[in-house]
$ cat start.csv   # CSV, C-alpha atoms and all ligand atoms
chain,number,residue,atom,x,y,z
P,262,MET,CA,-61.9,121.1,-54.4
P,263,SER,CA,-63.4,118.0,-56.1
P,264,PRO,CA,-67.0,117.2,-55.2
P,265,VAL,CA,-67.8,114.6,-52.5
P,266,LEU,CA,-67.0,111.3,-54.3
P,267,GLU,CA,-68.2,108.8,-51.7
P,268,PRO,CA,-71.5,109.2,-49.9
P,269,LEU,CA,-70.9,111.2,-46.7
P,270,ARG,CA,-71.3,109.1,-43.6
P,271,PRO,CA,-73.4,109.9,-40.7
P,272,GLY,CA,-71.4,111.7,-38.0
P,273,THR,CA,-69.7,113.9,-40.7
P,274,THR,CA,-69.8,117.7,-40.3
P,275,ILE,CA,-71.4,119.9,-43.0
P,276,GLY,CA,-70.6,123.6,-43.1
P,277,LEU,CA,-73.2,126.3,-43.8
P,278,LEU,CA,-72.6,129.8,-45.0
P,279,GLY,CA,-75.5,131.8,-43.5
P,280,GLY,CA,-77.5,130.7,-40.5
P,281,GLY,CA,-81.1,132.0,-41.2
P,282,GLN,CA,-84.2,129.9,-41.4
P,283,LEU,CA,-83.2,128.0,-44.4
P,284,ALA,CA,-80.0,126.9,-42.7
P,285,GLN,CA,-82.0,126.1,-39.6
P,286,MET,CA,-84.3,123.7,-41.6
P,287,LEU,CA,-81.3,122.2,-43.3
P,288,VAL,CA,-79.9,121.4,-39.8
P,289,LEU,CA,-83.1,119.9,-38.6
P,290,ALA,CA,-83.4,117.7,-41.7
P,291,GLY,CA,-79.7,116.8,-41.5
P,292,GLN,CA,-79.7,115.8,-37.9
P,293,ALA,CA,-82.2,113.1,-38.7
P,294,MET,CA,-79.7,111.9,-41.3
P,295,GLY,CA,-77.0,111.8,-38.7
P,296,PHE,CA,-75.0,114.8,-39.8
P,297,ARG,CA,-73.4,117.5,-37.7
P,298,PHE,CA,-73.3,121.2,-38.6
P,299,VAL,CA,-71.1,124.2,-38.3
P,300,VAL,CA,-72.5,127.6,-39.4
P,301,LEU,CA,-70.8,130.9,-40.3
P,302,ASP,CA,-73.0,133.8,-39.6
P,303,PRO,CA,-72.3,137.3,-38.3
P,304,THR,CA,-75.3,137.5,-35.9
P,305,PRO,CA,-74.9,135.6,-32.6
P,306,ASP,CA,-77.5,132.9,-31.9
P,307,CYS,CA,-78.6,132.7,-35.5
P,308,PRO,CA,-81.6,130.4,-36.2
P,309,ALA,CA,-79.3,127.5,-37.3
P,310,ALA,CA,-77.3,127.8,-34.0
P,311,LEU,CA,-80.6,127.8,-32.1
P,312,VAL,CA,-81.2,124.2,-33.2
P,313,GLY,CA,-77.7,122.9,-32.5
P,314,ALA,CA,-75.3,124.0,-35.2
P,315,GLU,CA,-71.9,125.1,-33.9
P,316,GLN,CA,-71.6,128.8,-34.8
P,317,ILE,CA,-68.6,130.7,-36.0
P,318,THR,CA,-69.7,134.3,-35.5
P,319,ALA,CA,-68.0,136.4,-38.2
P,320,ASN,CA,-68.6,138.2,-41.5
P,321,TYR,CA,-68.9,136.1,-44.6
P,322,ASN,CA,-65.7,137.5,-46.1
P,323,ASP,CA,-63.6,137.0,-43.0
P,324,ARG,CA,-60.8,134.7,-44.4
P,325,GLU,CA,-59.8,133.3,-41.0
P,326,ALA,CA,-63.4,132.4,-40.2
P,327,LEU,CA,-63.9,130.9,-43.7
P,328,ALA,CA,-60.7,128.8,-43.3
P,329,LYS,CA,-62.0,127.6,-39.9
P,330,LEU,CA,-65.3,126.7,-41.6
P,331,ALA,CA,-63.5,124.8,-44.3
P,332,ASP,CA,-61.2,123.0,-41.9
P,333,SER,CA,-64.2,121.8,-39.8
P,334,SER,CA,-66.4,120.6,-42.7
P,335,ALA,CA,-66.4,117.7,-45.1
P,336,VAL,CA,-68.5,119.9,-47.5
P,337,VAL,CA,-69.9,123.4,-47.2
P,338,THR,CA,-73.1,124.8,-48.7
P,339,TYR,CA,-74.8,128.3,-48.6
P,340,GLU,CA,-78.3,129.2,-47.7
P,341,PHE,CA,-78.7,132.5,-49.5
P,342,GLU,CA,-77.4,134.4,-52.5
P,343,ASN,CA,-76.0,137.4,-50.8
P,344,VAL,CA,-72.7,135.7,-49.8
P,345,ALA,CA,-70.0,137.1,-52.0
P,346,ALA,CA,-69.2,134.7,-54.8
P,347,ALA,CA,-65.5,135.6,-54.4
P,348,ALA,CA,-65.6,134.3,-50.8
P,349,VAL,CA,-67.2,131.1,-52.0
P,350,ALA,CA,-64.6,130.8,-54.8
P,351,TRP,CA,-61.8,131.3,-52.2
P,352,LEU,CA,-63.4,128.6,-50.0
P,353,GLU,CA,-63.6,126.2,-53.0
P,354,ASN,CA,-59.8,126.0,-53.0
P,355,ARG,CA,-60.1,124.2,-49.6
P,356,VAL,CA,-63.4,122.3,-49.6
P,357,ALA,CA,-66.2,121.4,-52.0
P,358,VAL,CA,-69.0,124.1,-51.8
P,359,PRO,CA,-71.9,122.9,-53.8
P,360,PRO,CA,-73.8,124.3,-55.6
P,361,GLY,CA,-70.7,126.4,-56.1
P,362,SER,CA,-69.4,129.9,-56.8
P,363,GLU,CA,-70.2,129.9,-60.5
P,364,ILE,CA,-73.9,129.3,-60.0
P,365,LEU,CA,-73.9,131.9,-57.3
P,366,ARG,CA,-72.2,134.5,-59.6
P,367,ILE,CA,-74.9,133.9,-62.2
P,368,ALA,CA,-77.9,133.9,-59.7
P,369,GLN,CA,-76.6,137.1,-58.0
P,370,ASN,CA,-76.6,139.1,-61.1
P,371,ARG,CA,-79.9,139.5,-63.0
P,372,LEU,CA,-78.2,140.3,-66.3
P,373,LEU,CA,-75.9,137.3,-66.2
P,374,GLU,CA,-78.8,135.2,-65.1
P,375,LYS,CA,-81.0,136.2,-68.1
P,376,GLN,CA,-78.1,135.9,-70.5
P,377,PHE,CA,-77.4,132.4,-69.2
P,378,LEU,CA,-81.1,131.5,-69.6
P,379,GLU,CA,-81.2,132.9,-73.1
P,380,GLN,CA,-78.2,130.8,-74.1
P,381,LEU,CA,-80.1,127.7,-72.9
P,382,ASN,CA,-83.1,128.8,-75.0
P,383,ILE,CA,-85.1,129.3,-71.8
P,384,PRO,CA,-87.8,132.0,-72.3
P,385,VAL,CA,-87.4,135.1,-70.2
P,386,ALA,CA,-89.1,138.5,-70.3
P,387,PRO,CA,-87.4,140.9,-72.8
P,388,PHE,CA,-84.8,142.9,-71.0
P,389,GLN,CA,-82.2,145.7,-71.5
P,390,LYS,CA,-79.2,146.8,-69.4
P,391,ILE,CA,-79.6,150.4,-68.2
P,392,THR,CA,-76.8,152.8,-67.5
P,393,SER,CA,-78.5,156.2,-67.7
P,394,ALA,CA,-82.1,157.6,-67.1
P,395,GLU,CA,-82.1,158.7,-70.8
P,396,GLU,CA,-81.7,155.1,-71.9
P,397,ILE,CA,-85.0,154.2,-70.2
P,398,VAL,CA,-87.2,156.4,-72.5
P,399,PRO,CA,-86.9,154.3,-75.7
P,400,VAL,CA,-87.0,151.0,-73.7
P,401,LEU,CA,-90.3,152.2,-72.1
P,402,GLU,CA,-91.6,153.0,-75.5
P,403,THR,CA,-90.8,149.5,-76.8
P,404,PHE,CA,-91.9,147.6,-73.7
P,405,GLY,CA,-95.0,149.6,-72.9
P,406,GLU,CA,-94.6,149.1,-69.2
P,407,LEU,CA,-91.5,148.0,-67.4
P,408,MET,CA,-89.9,146.8,-64.2
P,409,LEU,CA,-86.7,148.6,-63.4
P,410,LYS,CA,-84.5,146.4,-61.2
P,411,THR,CA,-81.1,146.6,-59.6
P,412,VAL,CA,-78.8,144.0,-61.3
P,413,SER,CA,-77.8,142.6,-57.9
P,414,GLY,CA,-78.6,142.9,-54.2
P,415,GLY,CA,-82.4,142.9,-54.4
P,416,TYR,CA,-84.5,140.4,-52.6
P,417,ASP,CA,-88.1,140.1,-51.5
P,418,GLY,CA,-89.0,142.9,-54.0
P,419,ARG,CA,-86.4,145.3,-52.8
P,420,GLY,CA,-84.5,147.1,-55.5
P,421,GLN,CA,-87.3,147.2,-58.1
P,422,THR,CA,-89.9,149.6,-59.4
P,423,HIS,CA,-92.8,149.3,-61.9
P,424,LEU,CA,-92.7,152.1,-64.5
P,425,VAL,CA,-95.6,153.1,-66.7
P,426,GLY,CA,-94.9,156.7,-67.9
P,427,LYS,CA,-91.9,158.7,-68.9
P,428,ASP,CA,-92.5,161.3,-66.2
P,429,GLN,CA,-92.0,158.6,-63.5
P,430,ILE,CA,-88.5,157.8,-64.6
P,431,PRO,CA,-86.2,160.2,-62.6
P,432,ALA,CA,-87.1,159.5,-59.0
P,433,PRO,CA,-87.0,155.7,-59.1
P,434,PHE,CA,-84.0,155.8,-61.4
P,435,SER,CA,-81.9,157.7,-58.8
P,436,LYS,CA,-83.3,155.7,-55.9
P,437,LEU,CA,-82.3,152.4,-57.5
P,438,ARG,CA,-79.0,153.8,-58.7
P,439,GLN,CA,-78.1,154.6,-55.1
P,440,LEU,CA,-78.7,151.0,-54.2
P,441,ASN,CA,-76.7,149.6,-57.1
P,442,GLU,CA,-74.7,151.0,-60.0
P,443,GLU,CA,-76.1,148.6,-62.5
P,444,LEU,CA,-79.8,148.4,-63.5
P,445,VAL,CA,-81.8,146.3,-65.8
P,446,ALA,CA,-85.2,147.1,-67.4
P,447,GLU,CA,-87.5,144.2,-68.0
P,448,GLN,CA,-90.8,144.2,-69.9
P,449,PHE,CA,-93.7,144.3,-67.4
P,450,VAL,CA,-95.5,141.0,-67.8
P,451,SER,CA,-99.2,140.7,-67.1
P,452,PHE,CA,-99.0,137.1,-66.0
P,453,GLU,CA,-101.9,134.9,-65.0
P,454,LYS,CA,-100.1,133.1,-62.3
P,455,GLU,CA,-96.7,132.9,-60.6
P,456,ILE,CA,-95.4,129.4,-60.1
P,457,SER,CA,-92.1,127.8,-58.9
P,458,VAL,CA,-90.4,124.5,-59.3
P,459,ILE,CA,-87.8,123.2,-56.9
P,460,VAL,CA,-85.4,121.0,-58.9
P,461,ALA,CA,-82.7,118.8,-57.4
P,462,ARG,CA,-79.7,117.2,-59.0
P,463,ASN,CA,-76.7,115.2,-57.7
P,464,ILE,CA,-73.2,114.7,-59.0
P,465,HIS,CA,-74.3,111.6,-61.0
P,466,GLY,CA,-76.6,113.8,-63.0
P,467,GLU,CA,-79.7,112.3,-61.3
P,468,VAL,CA,-82.3,115.0,-61.5
P,469,CYS,CA,-85.9,115.4,-60.2
P,470,THR,CA,-88.5,118.1,-59.5
P,471,PHE,CA,-90.9,118.6,-56.6
P,472,PRO,CA,-94.6,119.3,-57.4
P,473,VAL,CA,-95.2,122.8,-59.0
P,474,ALA,CA,-96.2,125.5,-56.5
P,475,GLU,CA,-98.5,128.4,-57.3
P,476,ASN,CA,-97.5,131.5,-55.4
P,477,LEU,CA,-99.2,134.7,-54.3
P,478,HIS,CA,-97.1,137.7,-53.1
P,479,GLN,CA,-98.1,140.8,-51.1
P,480,LYS,CA,-95.7,143.7,-51.3
P,481,ASN,CA,-93.4,141.4,-53.2
P,482,ILE,CA,-93.1,139.0,-50.3
P,483,LEU,CA,-94.4,135.4,-50.8
P,484,THR,CA,-97.6,135.1,-48.7
P,485,ILE,CA,-99.1,131.8,-49.8
P,486,SER,CA,-98.2,128.8,-51.9
P,487,ARG,CA,-100.7,126.3,-53.2
P,488,ILE,CA,-99.7,122.8,-54.2
P,489,PRO,CA,-100.4,121.4,-56.7
P,490,ALA,CA,-100.7,124.5,-58.8
P,491,SER,CA,-103.9,124.7,-60.8
P,492,LEU,CA,-102.3,124.2,-64.2
P,493,ASP,CA,-103.1,121.8,-67.0
P,494,SER,CA,-100.8,118.9,-67.4
P,495,ARG,CA,-99.1,120.3,-70.5
P,496,VAL,CA,-98.0,123.5,-68.6
P,497,THR,CA,-96.9,121.4,-65.6
P,498,GLU,CA,-94.8,119.2,-67.8
P,499,GLN,CA,-93.3,122.3,-69.5
P,500,ALA,CA,-92.5,123.9,-66.1
P,501,ASN,CA,-90.7,120.7,-64.9
P,502,SER,CA,-88.8,120.3,-68.1
P,503,LEU,CA,-87.6,124.0,-68.0
P,504,ALA,CA,-86.4,123.5,-64.4
P,505,LYS,CA,-84.6,120.3,-65.3
P,506,LYS,CA,-82.9,121.9,-68.3
P,507,ILE,CA,-81.7,124.8,-66.1
P,508,ALA,CA,-80.4,122.4,-63.5
P,509,GLU,CA,-78.5,120.4,-66.2
P,510,GLY,CA,-77.2,123.6,-67.8
P,511,LEU,CA,-75.8,124.8,-64.5
P,512,ASP,CA,-74.4,121.4,-63.6
P,513,LEU,CA,-76.3,121.8,-60.4
P,514,VAL,CA,-75.5,119.8,-57.2
P,515,GLY,CA,-78.1,120.6,-54.6
P,516,VAL,CA,-81.6,122.1,-55.0
P,517,LEU,CA,-82.6,125.2,-57.0
P,518,GLY,CA,-85.8,127.3,-56.9
P,519,VAL,CA,-87.0,128.3,-60.4
P,520,GLU,CA,-89.6,131.1,-60.4
P,521,MET,CA,-91.8,131.4,-63.5
P,522,PHE,CA,-94.7,133.4,-64.8
P,523,VAL,CA,-97.6,131.7,-66.6
P,524,LEU,CA,-99.0,133.9,-69.4
P,525,ALA,CA,-102.6,134.0,-70.6
P,526,ASP,CA,-101.6,131.9,-73.7
P,527,ARG,CA,-100.1,129.3,-71.2
P,528,LYS,CA,-96.5,130.1,-72.2
P,529,LEU,CA,-94.0,130.2,-69.4
P,530,LEU,CA,-91.3,132.8,-68.7
P,531,VAL,CA,-88.5,132.2,-66.2
P,532,ASN,CA,-88.2,135.1,-63.8
P,533,GLU,CA,-85.5,134.2,-61.2
P,534,LEU,CA,-83.3,131.4,-60.0
P,535,ALA,CA,-82.3,130.7,-56.3
P,536,PRO,CA,-79.6,128.1,-55.9
P,537,ARG,CA,-80.8,126.9,-52.5
P,538,PRO,CA,-83.9,125.7,-50.8
P,539,HIS,CA,-86.7,128.1,-51.6
P,540,ASN,CA,-89.5,129.6,-49.5
P,541,SER,CA,-92.1,128.2,-52.0
P,542,GLY,CA,-90.7,124.7,-51.3
P,543,HIS,CA,-91.5,124.7,-47.6
P,544,PHE,CA,-94.6,122.6,-48.2
P,545,THR,CA,-92.3,119.7,-49.0
P,546,GLN,CA,-91.6,119.3,-45.2
P,547,ASP,CA,-95.1,118.0,-44.5
P,548,ALA,CA,-96.6,117.2,-47.9
P,549,CYS,CA,-93.9,115.3,-49.8
P,550,ALA,CA,-92.0,112.0,-49.3
P,551,THR,CA,-88.7,113.9,-49.0
P,552,SER,CA,-88.4,117.6,-48.0
P,553,GLN,CA,-86.4,120.1,-50.1
P,554,PHE,CA,-84.0,120.4,-47.2
P,555,GLU,CA,-83.3,116.7,-47.0
P,556,GLN,CA,-83.0,116.6,-50.8
P,557,HIS,CA,-80.4,119.3,-50.8
P,558,LEU,CA,-78.4,117.5,-48.2
P,559,ARG,CA,-78.7,114.2,-50.1
P,560,ALA,CA,-77.5,115.9,-53.2
P,561,ILE,CA,-74.4,117.6,-51.6
P,562,ALA,CA,-73.6,114.5,-49.5
P,563,ASN,CA,-73.7,112.3,-52.7
P,564,TRP,CA,-76.6,110.2,-51.5
P,565,PRO,CA,-79.3,109.0,-53.9
P,566,LEU,CA,-82.1,111.6,-54.3
P,567,GLY,CA,-85.3,110.8,-52.4
P,568,LEU,CA,-88.9,110.5,-53.8
P,569,THR,CA,-90.6,113.9,-54.4
P,570,ALA,CA,-94.2,112.7,-54.8
P,571,LEU,CA,-96.9,114.8,-53.2
P,572,ARG,CA,-98.6,112.9,-50.4
P,573,GLN,CA,-101.4,115.4,-49.9
P,574,PRO,CA,-102.5,118.7,-51.5
P,575,ALA,CA,-101.1,121.6,-49.4
P,576,LEU,CA,-101.1,125.3,-48.7
P,577,MET,CA,-98.1,127.0,-47.2
P,578,LEU,CA,-98.6,130.4,-45.5
P,579,ASN,CA,-95.7,132.6,-44.4
P,580,VAL,CA,-95.9,133.8,-40.8
P,581,LEU,CA,-94.6,137.4,-41.1
P,582,GLY,CA,-93.9,139.7,-38.2
P,583,GLU,CA,-97.4,141.2,-38.6
P,584,HIS,CA,-99.0,137.8,-38.3
P,585,LEU,CA,-97.1,136.3,-35.4
P,586,PRO,CA,-98.7,138.0,-32.4
P,587,LEU,CA,-102.2,137.2,-33.6
P,588,LEU,CA,-101.2,133.6,-34.4
P,589,LEU,CA,-99.8,133.1,-31.0
P,590,LYS,CA,-103.0,134.3,-29.4
P,591,LYS,CA,-104.9,131.8,-31.5
P,592,LEU,CA,-102.6,128.8,-31.0
P,593,LYS,CA,-105.3,126.8,-29.2
P,594,HIS,CA,-107.5,127.1,-32.3
P,595,LEU,CA,-104.9,125.8,-34.7
P,596,PRO,CA,-106.6,123.0,-36.7
P,597,PRO,CA,-105.0,119.5,-36.6
P,598,GLU,CA,-104.1,119.6,-40.3
P,599,ALA,CA,-101.9,122.7,-39.7
P,600,LYS,CA,-98.2,122.2,-39.0
P,601,LEU,CA,-96.5,125.3,-37.5
P,602,HIS,CA,-92.8,125.9,-38.1
P,603,LEU,CA,-91.4,128.9,-36.2
P,604,TYR,CA,-87.8,130.0,-36.6
P,605,GLY,CA,-87.2,131.4,-33.1
P,606,LYS,CA,-86.1,134.8,-34.3
P,607,GLN,CA,-85.9,137.3,-31.4
P,608,GLU,CA,-86.9,140.5,-33.2
P,609,CYS,CA,-90.4,140.5,-34.7
P,610,ARG,CA,-91.0,143.2,-37.2
P,611,PRO,CA,-93.5,143.6,-40.1
P,612,GLY,CA,-92.4,141.8,-43.2
P,613,ARG,CA,-89.9,139.7,-41.4
P,614,LYS,CA,-90.3,135.9,-42.0
P,615,MET,CA,-90.9,134.5,-38.5
P,616,GLY,CA,-92.2,131.1,-39.5
P,617,HIS,CA,-94.6,129.3,-41.8
P,618,LEU,CA,-97.7,127.0,-41.6
P,619,ASN,CA,-98.2,124.0,-43.8
P,620,PHE,CA,-101.8,122.9,-44.2
P,621,THR,CA,-102.4,119.5,-45.8
P,622,ASN,CA,-105.7,117.8,-46.7
P,623,ASP,CA,-106.7,115.1,-49.2
P,624,VAL,CA,-109.5,117.4,-50.3
P,625,PRO,CA,-108.1,120.7,-51.4
P,626,GLU,CA,-111.4,122.5,-51.0
P,627,LEU,CA,-111.3,121.7,-47.3
P,628,LEU,CA,-108.0,123.6,-46.8
P,629,LEU,CA,-109.6,127.0,-46.9
P,630,LYS,CA,-112.2,126.8,-44.1
P,631,PRO,CA,-110.0,126.4,-41.1
P,632,LEU,CA,-107.7,129.0,-42.5
P,633,LEU,CA,-110.4,131.6,-42.9
P,634,GLU,CA,-111.6,130.8,-39.3
P,635,LEU,CA,-108.2,131.8,-38.0
P,636,GLU,CA,-108.7,135.3,-39.4
P,637,ILE,CA,-105.0,136.0,-39.7
P,638,TRP,CA,-104.4,136.3,-43.4
P,639,ASP,CA,-106.3,138.5,-45.8
P,640,GLU,CA,-109.5,136.8,-46.8
P,641,ASP,CA,-109.6,138.0,-50.4
P,642,LEU,CA,-106.1,136.7,-50.9
P,643,LEU,CA,-106.9,133.3,-49.5
P,644,ARG,CA,-110.0,133.1,-51.7
P,645,LYS,CA,-107.9,133.9,-54.7
P,646,MET,CA,-105.9,130.7,-54.1
P,647,LEU,CA,-108.7,128.2,-53.9
M,1,LIG,P1,-88.2,139.3,-58.4
M,1,LIG,O1,-87.4,140.0,-57.4
M,1,LIG,O2,-87.7,139.4,-59.8
M,1,LIG,O3,-88.5,137.9,-58.0
M,1,LIG,O4,-89.6,140.0,-58.4
M,1,LIG,C1,-90.5,140.1,-57.3
M,1,LIG,C2,-91.9,140.1,-57.8
M,1,LIG,O5,-92.2,141.2,-58.6
M,1,LIG,C3,-92.3,138.9,-58.7
M,1,LIG,O6,-92.6,137.8,-57.9
M,1,LIG,C4,-93.4,139.4,-59.5
M,1,LIG,O7,-94.6,139.4,-58.7
M,1,LIG,C5,-93.1,140.8,-59.7
M,1,LIG,N1,-92.3,141.0,-61.0
M,1,LIG,C6,-91.0,140.8,-61.2
M,1,LIG,N2,-90.7,141.0,-62.5
M,1,LIG,C7,-91.8,141.3,-63.1
M,1,LIG,C8,-92.1,141.6,-64.5
M,1,LIG,N3,-91.2,141.6,-65.4
M,1,LIG,N4,-93.4,141.8,-64.8
M,1,LIG,C9,-94.4,141.8,-63.9
M,1,LIG,N5,-94.1,141.5,-62.6
M,1,LIG,C10,-92.9,141.3,-62.2
$ encode --input "start.csv" --output "structure tokens"
Amino acid sequence: MSPVLEPLRPGTTIGLLGGGQLAQMLVLAGQAMGFRFVVLDPTPDCPAALVGAEQITANYNDREALAKLADSSAVVTYEFENVAAAAVAWLENRVAVPPGSEILRIAQNRLLEKQFLEQLNIPVAPFQKITSAEEIVPVLETFGELMLKTVSGGYDGRGQTHLVGKDQIPAPFSKLRQLNEELVAEQFVSFEKEISVIVARNIHGEVCTFPVAENLHQKNILTISRIPASLDSRVTEQANSLAKKIAEGLDLVGVLGVEMFVLADRKLLVNELAPRPHNSGHFTQDACATSQFEQHLRAIANWPLGLTALRQPALMLNVLGEHLPLLLKKLKHLPPEAKLHLYGKQECRPGRKMGHLNFTNDVPELLLKPLLELEIWDEDLLRKML
């Protein structure tokens, strides 16, 4: 279906594929713009439904449910990459689904993603498709160390292993192979920092980026983002221009998270693309003139994009299942500069994203003290950030 040609009017219904926390925050931002929401998600009372989206409870490839979603919505978008691109392509025959099935097909497949980036002359870590354990040996010799990853289906670090020596190959190879037929070996990059840029683009080709975030992960899950990233202006500009080039190359309508590595020589490599609001962009809710959620909706609803300037330096901390009980005990000590966002998920388990906290302060050095006093996140990790 053709994109939304006239700005969507308040009162219009927007459809969402997937009803997790990203959809929930899209709903919260969109309600303030006057939109209504309908969400397709297999789990009853999904986070988006908890804040007022009407829910169609069904699997993502249930054609009847998809048709119902299309018929109830002026435009549909998705909140995560694990929706089948084929289901989105089917939906596109009935309704516009920005950012679309083609972007999803690329972002769901690490090989296609890297090939696409190479065609655009965007730097990525050297990589090689792997179809047998034997093929890994010469690649390991060339790369020194490598990350073996499933081509699709991995998220939050699942579906990947760091390999250093030949004797390590068989076990991870068969484990990853069980998860997914196709694997890719990437050179292990000893980066200095991980950063991300959220870029937005609308159908008129208007494109803008949010301030660059610097990210720390624990067990491959994002723990903390610091904004602005501590980078010199040349690297910041380079990161922004790579993200814009990718958005243009993809004909993006919506927001896209671009994860990058900063090397010791200050060169950048693009690691991954996420065609949706991104965890490292949650700071925008409390630290920017427009949030990434509002911006995504503005783009897909054919509204002009909003300002992305940073109002105050910020830290964003994920509240994982292991943090939540302690945080709830300490609620009364929450400093005034902390904004708590909880997703209302019923089941709390370690590693599960239950919410996040945005800390903002004009003086970045003052962000650390109240956080250390809470004694919830690892002190060494926090000190690494500031
Ligand atoms: P990904 O699923 O590709 O985003 O990877 C998850 C995390 O693993 C990244 O945020 C990095 O910390 C680490 N990682 C991924 N690929 C590489 C690589 N080629 N070299 C070093 N670390 C990596």
$ residues_near_ligand --input "start.csv" --ligand "ligand LIG 1 (chain M)" --cutoff "8 Å" --atoms "only C-alpha atoms and all ligand atoms" --output "PDB file with C-alpha atoms, in the frame of the given file"
ATOM      1  CA  ALA P 386     -89.100 138.500 -70.300  1.00  0.00           C
ATOM      2  CA  LEU P 407     -91.500 148.000 -67.400  1.00  0.00           C
ATOM      3  CA  MET P 408     -89.900 146.800 -64.200  1.00  0.00           C
ATOM      4  CA  LYS P 410     -84.500 146.400 -61.200  1.00  0.00           C
ATOM      5  CA  GLY P 415     -82.400 142.900 -54.400  1.00  0.00           C
ATOM      6  CA  TYR P 416     -84.500 140.400 -52.600  1.00  0.00           C
ATOM      7  CA  ASP P 417     -88.100 140.100 -51.500  1.00  0.00           C
ATOM      8  CA  GLY P 418     -89.000 142.900 -54.000  1.00  0.00           C
ATOM      9  CA  ARG P 419     -86.400 145.300 -52.800  1.00  0.00           C
ATOM     10  CA  GLY P 420     -84.500 147.100 -55.500  1.00  0.00           C
ATOM     11  CA  GLN P 421     -87.300 147.200 -58.100  1.00  0.00           C
ATOM     12  CA  HIS P 423     -92.800 149.300 -61.900  1.00  0.00           C
ATOM     13  CA  GLU P 447     -87.500 144.200 -68.000  1.00  0.00           C
ATOM     14  CA  GLN P 448     -90.800 144.200 -69.900  1.00  0.00           C
ATOM     15  CA  PHE P 449     -93.700 144.300 -67.400  1.00  0.00           C
ATOM     16  CA  VAL P 450     -95.500 141.000 -67.800  1.00  0.00           C
ATOM     17  CA  SER P 451     -99.200 140.700 -67.100  1.00  0.00           C
ATOM     18  CA  PHE P 452     -99.000 137.100 -66.000  1.00  0.00           C
ATOM     19  CA  GLU P 455     -96.700 132.900 -60.600  1.00  0.00           C
ATOM     20  CA  LEU P 477     -99.200 134.700 -54.300  1.00  0.00           C
ATOM     21  CA  HIS P 478     -97.100 137.700 -53.100  1.00  0.00           C
ATOM     22  CA  ASN P 481     -93.400 141.400 -53.200  1.00  0.00           C
ATOM     23  CA  ILE P 482     -93.100 139.000 -50.300  1.00  0.00           C
ATOM     24  CA  LEU P 483     -94.400 135.400 -50.800  1.00  0.00           C
ATOM     25  CA  GLU P 520     -89.600 131.100 -60.400  1.00  0.00           C
ATOM     26  CA  ASN P 532     -88.200 135.100 -63.800  1.00  0.00           C
ATOM     27  CA  GLU P 533     -85.500 134.200 -61.200  1.00  0.00           C
TER      28      GLU P 533
END
$ atom_distance --input "start.csv" --atom1 "CA of Val312 in chain P" --atom2 "CA of Leu327 in chain P"
21.3 Å
$ residues_around --input "start.csv" --residues "Asp641 in chain P" --least-positions-apart "4" --cutoff "12 Å" --atoms "only C-alpha atoms" --output "list in words"
Leu477, Gln479, Leu629, Leu633, Glu636, Ile637, Lys645, Met646 and Leu647 of chain P
$ atom_distance --input "start.csv" --atom1 "CA of His602 in chain P" --atom2 "CA of Glu315 in chain P"
21.3 Å
$ residues_around --input "start.csv" --residues "Cys549 in chain P" --least-positions-apart "4" --cutoff "6 Å" --atoms "all atoms listed in the file" --output "PDB file with C-alpha atoms, in the coordinates of the input"
ATOM      1  CA  THR P 545     -92.300 119.700 -49.000  1.00  0.00           C
ATOM      2  CA  THR P 569     -90.600 113.900 -54.400  1.00  0.00           C
ATOM      3  CA  ALA P 570     -94.200 112.700 -54.800  1.00  0.00           C
ATOM      4  CA  LEU P 571     -96.900 114.800 -53.200  1.00  0.00           C
ATOM      5  CA  ARG P 572     -98.600 112.900 -50.400  1.00  0.00           C
TER       6      ARG P 572
END
$ atom_distance --input "start.csv" --atom1 "CA of Pro360 in chain P" --atom2 "CA of Gly515 in chain P"
5.8 Å
$ residues_around --input "start.csv" --residues "range 289-292 of chain P" --least-positions-apart "2" --cutoff "12 Å" --atoms "all atoms listed in the file" --output "compact mmCIF listing (two decimals) with C-alpha atoms, keeping the file's coordinate frame"
# COMPACT_ATOMS: atom_id res chain seq x y z
CA LEU P 269 -70.90 111.20 -46.70
CA ARG P 270 -71.30 109.10 -43.60
CA PRO P 271 -73.40 109.90 -40.70
CA GLY P 272 -71.40 111.70 -38.00
CA THR P 273 -69.70 113.90 -40.70
CA THR P 274 -69.80 117.70 -40.30
CA ILE P 275 -71.40 119.90 -43.00
CA GLY P 276 -70.60 123.60 -43.10
CA LEU P 277 -73.20 126.30 -43.80
CA GLN P 282 -84.20 129.90 -41.40
CA LEU P 283 -83.20 128.00 -44.40
CA ALA P 284 -80.00 126.90 -42.70
CA GLN P 285 -82.00 126.10 -39.60
CA MET P 286 -84.30 123.70 -41.60
CA LEU P 287 -81.30 122.20 -43.30
CA MET P 294 -79.70 111.90 -41.30
CA GLY P 295 -77.00 111.80 -38.70
CA PHE P 296 -75.00 114.80 -39.80
CA ARG P 297 -73.40 117.50 -37.70
CA PHE P 298 -73.30 121.20 -38.60
CA VAL P 299 -71.10 124.20 -38.30
CA PRO P 308 -81.60 130.40 -36.20
CA ALA P 309 -79.30 127.50 -37.30
CA ALA P 310 -77.30 127.80 -34.00
CA LEU P 311 -80.60 127.80 -32.10
CA VAL P 312 -81.20 124.20 -33.20
CA GLY P 313 -77.70 122.90 -32.50
CA ALA P 314 -75.30 124.00 -35.20
CA THR P 545 -92.30 119.70 -49.00
CA GLN P 546 -91.60 119.30 -45.20
CA THR P 551 -88.70 113.90 -49.00
CA SER P 552 -88.40 117.60 -48.00
CA GLN P 553 -86.40 120.10 -50.10
CA PHE P 554 -84.00 120.40 -47.20
CA GLU P 555 -83.30 116.70 -47.00
CA GLN P 556 -83.00 116.60 -50.80
CA HIS P 557 -80.40 119.30 -50.80
CA LEU P 558 -78.40 117.50 -48.20
CA ARG P 559 -78.70 114.20 -50.10
CA ALA P 560 -77.50 115.90 -53.20
CA ILE P 561 -74.40 117.60 -51.60
CA ALA P 562 -73.60 114.50 -49.50
CA HIS P 602 -92.80 125.90 -38.10
CA TYR P 604 -87.80 130.00 -36.60
